[in-house]
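Visitor: One structure, pasted below without further comment.
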Amino acid sequence: MTPNRMNLRHRIPHPASPHGLLTLLFLPLLSTACDRPYDGPPVTEHDSAGVRILEAHVPVWTDSTAWTLDPEPVLDLHALGTTDAYTFFRIRGMRRLPDGSLAIVNSGTHEIRLFSAPGDHIMSLGGQGEGPGEFGNLQRIEVLGDSILALDYDGDVAVFGPVPDAVLVRTMRLPHGSIHSLHSLEDGTLAVEAVMSIPPPADPGIVRTPNALLRLDLEGALLDSIGRTAGSEEYTDNLSFSGTPLFPRASLVDGHGGRIYYGSADLMEVRELGPDGALLRVLRIPEYPLELTDEQVEAERQARFGSVPAMLRQAIEAMPAPATRPAYRDMLVDPTGAIWLRPFDGASEGGTPLDWQVLASDGTWLGGVTVPTNVRLWEIGMDEALGSWIDGSGQQHPLVLRLRRSGVGG
């Protein structure tokens, strides 16, 4: 067995039934009040003020047509070497480059590490510092042709290219301070989600500060403000405490094919925008169950107690109990335009595989793809998924997982 196909079945848990979670979660959804299976069309469509609304009612995959991820990685970069280049901390991204190499955002060292397709370390870019091509808080990368755009939290962007040489070409300062995400569009422009500043509420509670959607040129100059996202929720007691509430909602943005995909996570819904911010389509699963029980909320509260000093317990006890959970916590758009949504699991609910829900580009709810425990996906390709796995000792493993598209939606 070659090193890049090491058997990790004993380290990455693999569920006995890859669709067990999907079956348990949606069994009530697939029946009516009369306990009869849903027999309408999988997707219905209507128009609202010129915007297409696509509503998916049932997943269409069967055991023979569902996509699957192989539980054994094709590549585990941490397992291939013993040097510092193969030790990873705070991975914030992983991308396949046009020449087949892999770029890993290792924010623990503020580096972009480049590896060949078989897993040989080619070079490391960046590092901590204030000089050109260095970072104070490396956030993410975006691939633009044969170049890499690296985003620092303060809005500085370093452009490295072309791959495979990946020399520093230039740096630019984006026009709006703190940038949450950066996406290239096919028309030669960039879409960014910029953090806005809004005064805290007068009374204790949860505040959700909107973020700005901006369109920039490839030099970083502002072309237009094209909208807002809902941003992230934060709880404050207006005295001495502010922090993440129970089951917090956060907006997500991705780009594909010249389109911007945005979701607030309030509902199982994603909005497709044009590069000018115009709303083109809404894709949603209207009956997706999000209700929380009192027991689930209390378990989440108890999980918080174990990670904070005793002096903050009172603030956590005062946090409001949400009635519903966020619909998802991650969103990725694959090369076919299918939207992958990672269901939200709280701090008290981890430790099990997750079925990422997939909406095809035509709005069809395909079903769930089981992702192994503690694996976060960063990019979906046609026949692979790039992700990182945290093992029992806390070590991070950048992985390439084989994706099998068999049947519907493939």
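In the structure tokens, chains take the letters A, B, ... in the order shown, each chain's residues start at 1, and ligands count up from 1 in the order shown.
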Leaving out region 105-111 of chain A and any residue of its chain fewer than 6 positions from it, which residues lie within 8 Å of it when counting only C-alpha atoms, given as a VMD selection string?

Guide: chain A and resid 88 to 94 124 to 128 134 to 141

Visitor: Once you count only C-alpha atoms, what closest atom pair and distance in Å to one decimal does each residue of region 125-161 of chain A within 10 Å of region 217-236 of chain A have, with rows by chain and rising residue number, as a tab-separated table?

Guide:
residue	atom	partner	partner_atom	distance
A:Leu144	CA	A:Leu218	CA	9.8
A:Gly155	CA	A:Gly220	CA	9.8
A:Asp156	CA	A:Gly220	CA	9.5
A:Val157	CA	A:Gly220	CA	8.5

Visitor: Could those selected residues go to a file with N, CA, C and O atoms, as a PDB file, in the first residue's frame?

Guide:
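Contents of result18.pdb, as written:
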ATOM      1  N   LEU A 144      -7.634  32.531  -8.467  1.00  0.00           N
ATOM      2  CA  LEU A 144      -8.042  33.349  -9.607  1.00  0.00           C
ATOM      3  C   LEU A 144      -7.121  33.009 -10.770  1.00  0.00           C
ATOM      4  O   LEU A 144      -5.978  33.462 -10.808  1.00  0.00           O
ATOM      5  N   GLY A 155      -8.051  43.306   5.894  1.00  0.00           N
ATOM      6  CA  GLY A 155      -8.397  43.718   4.540  1.00  0.00           C
ATOM      7  C   GLY A 155      -7.231  43.769   3.587  1.00  0.00           C
ATOM      8  O   GLY A 155      -7.409  44.095   2.403  1.00  0.00           O
ATOM      9  N   ASP A 156      -6.016  43.455   4.040  1.00  0.00           N
ATOM     10  CA  ASP A 156      -4.876  43.373   3.136  1.00  0.00           C
ATOM     11  C   ASP A 156      -4.959  42.069   2.342  1.00  0.00           C
ATOM     12  O   ASP A 156      -5.285  41.005   2.889  1.00  0.00           O
ATOM     13  N   VAL A 157      -4.660  42.153   1.060  1.00  0.00           N
ATOM     14  CA  VAL A 157      -4.645  40.978   0.192  1.00  0.00           C
ATOM     15  C   VAL A 157      -3.283  40.886  -0.481  1.00  0.00           C
ATOM     16  O   VAL A 157      -2.790  41.870  -1.047  1.00  0.00           O
TER      17      VAL A 157
END

Visitor: Could you check how far CA of Ala327 (chain A) sits from CA of Val358 (chain A), in Å to one decimal?

Guide: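 Rounded to one decimal, the two atoms are 13.0 Å apart.
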
Visitor: May I ask which of the residues A:Glu295, A:Glu287, A:Glu317, A:Asp254 is the closest one to Ile339 (chain A), counting only C-alpha atoms?

Guide: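 That would be A:Asp254, the residue with the smallest distance to Ile339 (chain A).
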
Visitor: Could you go through region 69-200 of chain A and tell me which residues DSSP, when run on the backbone, assigns to helix (DSSP H, G or I), listing them as number ranges by chain?

Guide: A: 77-80, 84-86

Visitor: Residues near Phe305 (chain A), anyone? I mean within 12 Å using only C-alpha atoms, not counting same-chain ones fewer than 2 positions away, as a list in words.

Guide: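 Residues near the query, excluding close chain neighbours: Leu246, Glu298, Ala299, Glu300, Arg301, Gln302, Ala303, Ser307, Val308, Pro309, Ala310, Met311, Leu312, Arg313, Gln314, Ala315, Ile316, Glu317, Ala347 and Ser348 of chain A.
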
Visitor: Those selected residues, please, written with N, CA and C atoms and delivered as a compact mmCIF listing (two decimals), in the first residue's frame.

Guide:
# COMPACT_ATOMS: atom_id res chain seq x y z
N LEU A 246 -26.44 30.76 22.26
CA LEU A 246 -26.74 29.36 22.03
C LEU A 246 -27.28 29.17 20.61
N GLU A 298 -30.99 23.00 26.85
CA GLU A 298 -30.33 22.89 28.15
C GLU A 298 -29.00 22.15 28.03
N ALA A 299 -28.94 21.12 27.19
CA ALA A 299 -27.69 20.42 26.97
C ALA A 299 -26.63 21.34 26.38
N GLU A 300 -27.06 22.22 25.48
CA GLU A 300 -26.13 23.18 24.88
C GLU A 300 -25.64 24.18 25.93
N ARG A 301 -26.53 24.61 26.80
CA ARG A 301 -26.14 25.53 27.87
C ARG A 301 -25.13 24.88 28.81
N GLN A 302 -25.39 23.62 29.16
CA GLN A 302 -24.47 22.91 30.04
C GLN A 302 -23.11 22.72 29.39
N ALA A 303 -23.09 22.50 28.08
CA ALA A 303 -21.82 22.35 27.37
C ALA A 303 -21.01 23.64 27.44
N SER A 307 -16.66 25.28 29.42
CA SER A 307 -15.58 25.93 28.67
C SER A 307 -15.34 27.37 29.08
N VAL A 308 -15.99 27.85 30.15
CA VAL A 308 -15.82 29.25 30.56
C VAL A 308 -15.53 29.32 32.06
N PRO A 309 -14.91 30.39 32.52
CA PRO A 309 -14.71 30.57 33.96
C PRO A 309 -16.05 30.66 34.69
N ALA A 310 -16.02 30.32 35.97
CA ALA A 310 -17.24 30.31 36.78
C ALA A 310 -17.92 31.68 36.79
N MET A 311 -17.15 32.76 36.70
CA MET A 311 -17.72 34.11 36.76
C MET A 311 -18.64 34.41 35.57
N LEU A 312 -18.52 33.63 34.49
CA LEU A 312 -19.35 33.87 33.33
C LEU A 312 -20.58 32.98 33.27
N ARG A 313 -20.75 32.11 34.25
CA ARG A 313 -21.90 31.21 34.23
C ARG A 313 -23.22 31.98 34.25
N GLN A 314 -23.25 33.08 35.01
CA GLN A 314 -24.49 33.85 35.11
C GLN A 314 -24.88 34.42 33.75
N ALA A 315 -23.90 34.87 32.97
CA ALA A 315 -24.20 35.40 31.64
C ALA A 315 -24.73 34.31 30.73
N ILE A 316 -24.18 33.11 30.83
CA ILE A 316 -24.66 32.00 30.00
C ILE A 316 -26.06 31.59 30.43
N GLU A 317 -26.32 31.59 31.71
CA GLU A 317 -27.66 31.25 32.20
C GLU A 317 -28.70 32.25 31.70
N ALA A 347 -22.43 22.52 20.24
CA ALA A 347 -21.28 22.03 20.99
C ALA A 347 -21.61 20.75 21.74
N SER A 348 -22.88 20.54 22.07
CA SER A 348 -23.30 19.35 22.81
C SER A 348 -23.65 18.19 21.89

Visitor: For the strand (DSSP E or B) assignment from backbone DSSP, which residues of region 120-326 of chain A qualify? Please present them as a count of residues only.

Guide: 99

Visitor: Closest to Pro118 (chain A) among A:Ser393, A:Ser242, A:Thr62, A:Ser101, using only C-alpha atoms?

Guide: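 Selected residue with least distance to Pro118 (chain A): A:Ser101.
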
Visitor: Please, what distance in Å, to one decimal, runs between CA of Ala103 (chain A) and CA of Asp146 (chain A)?

Guide: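 A separation of 12.1 Å between them.
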
Visitor: Restricting the calculation to only C-alpha atoms, which member of A:Pro322, A:Gly133, A:Pro37, A:Gly205 is positioned closest to Arg170 (chain A)?

Guide: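 The closest residue to Arg170 (chain A) is A:Gly133.
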
Visitor: Leu216 (chain A): which residues within 12 Å, counting only C-alpha atoms, same-chain residues fewer than 5 positions away excluded, as a list in words?

Guide: Met172, Arg173, Leu174, Pro175, His176, Leu182, His183, Ser184, Leu185, Asp187, Gly188, Thr189, Leu190, Ala191, Val192, Glu193, Ala194, Ala221, Leu222, Leu223, Asp224, Ser225, Ile226, Pro275 and Asp276 of chain A

Visitor: So how far away is CA of Leu102 (chain A) from CA of Gly367 (chain A), in Å?

Guide: 28.6 Å

Visitor: Select, from A:His256, A:Arg52, A:Arg215, A:His180, the residue with the minimum atom-to-atom distance to Gly337 (chain A), counting only C-alpha atoms.

Guide: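 Using only C-alpha atoms, Gly337 (chain A) sits closest to A:His256.
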
Visitor: Using only C-alpha atoms for the distances, tell me which of A:Ser251, A:Ser64, A:Asn374, A:Thr82 is nearest to Asp120 (chain A).

Guide: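 Checking each of A:Ser251, A:Ser64, A:Asn374, A:Thr82 against Asp120 (chain A), counting only C-alpha atoms, the winner is A:Thr82.
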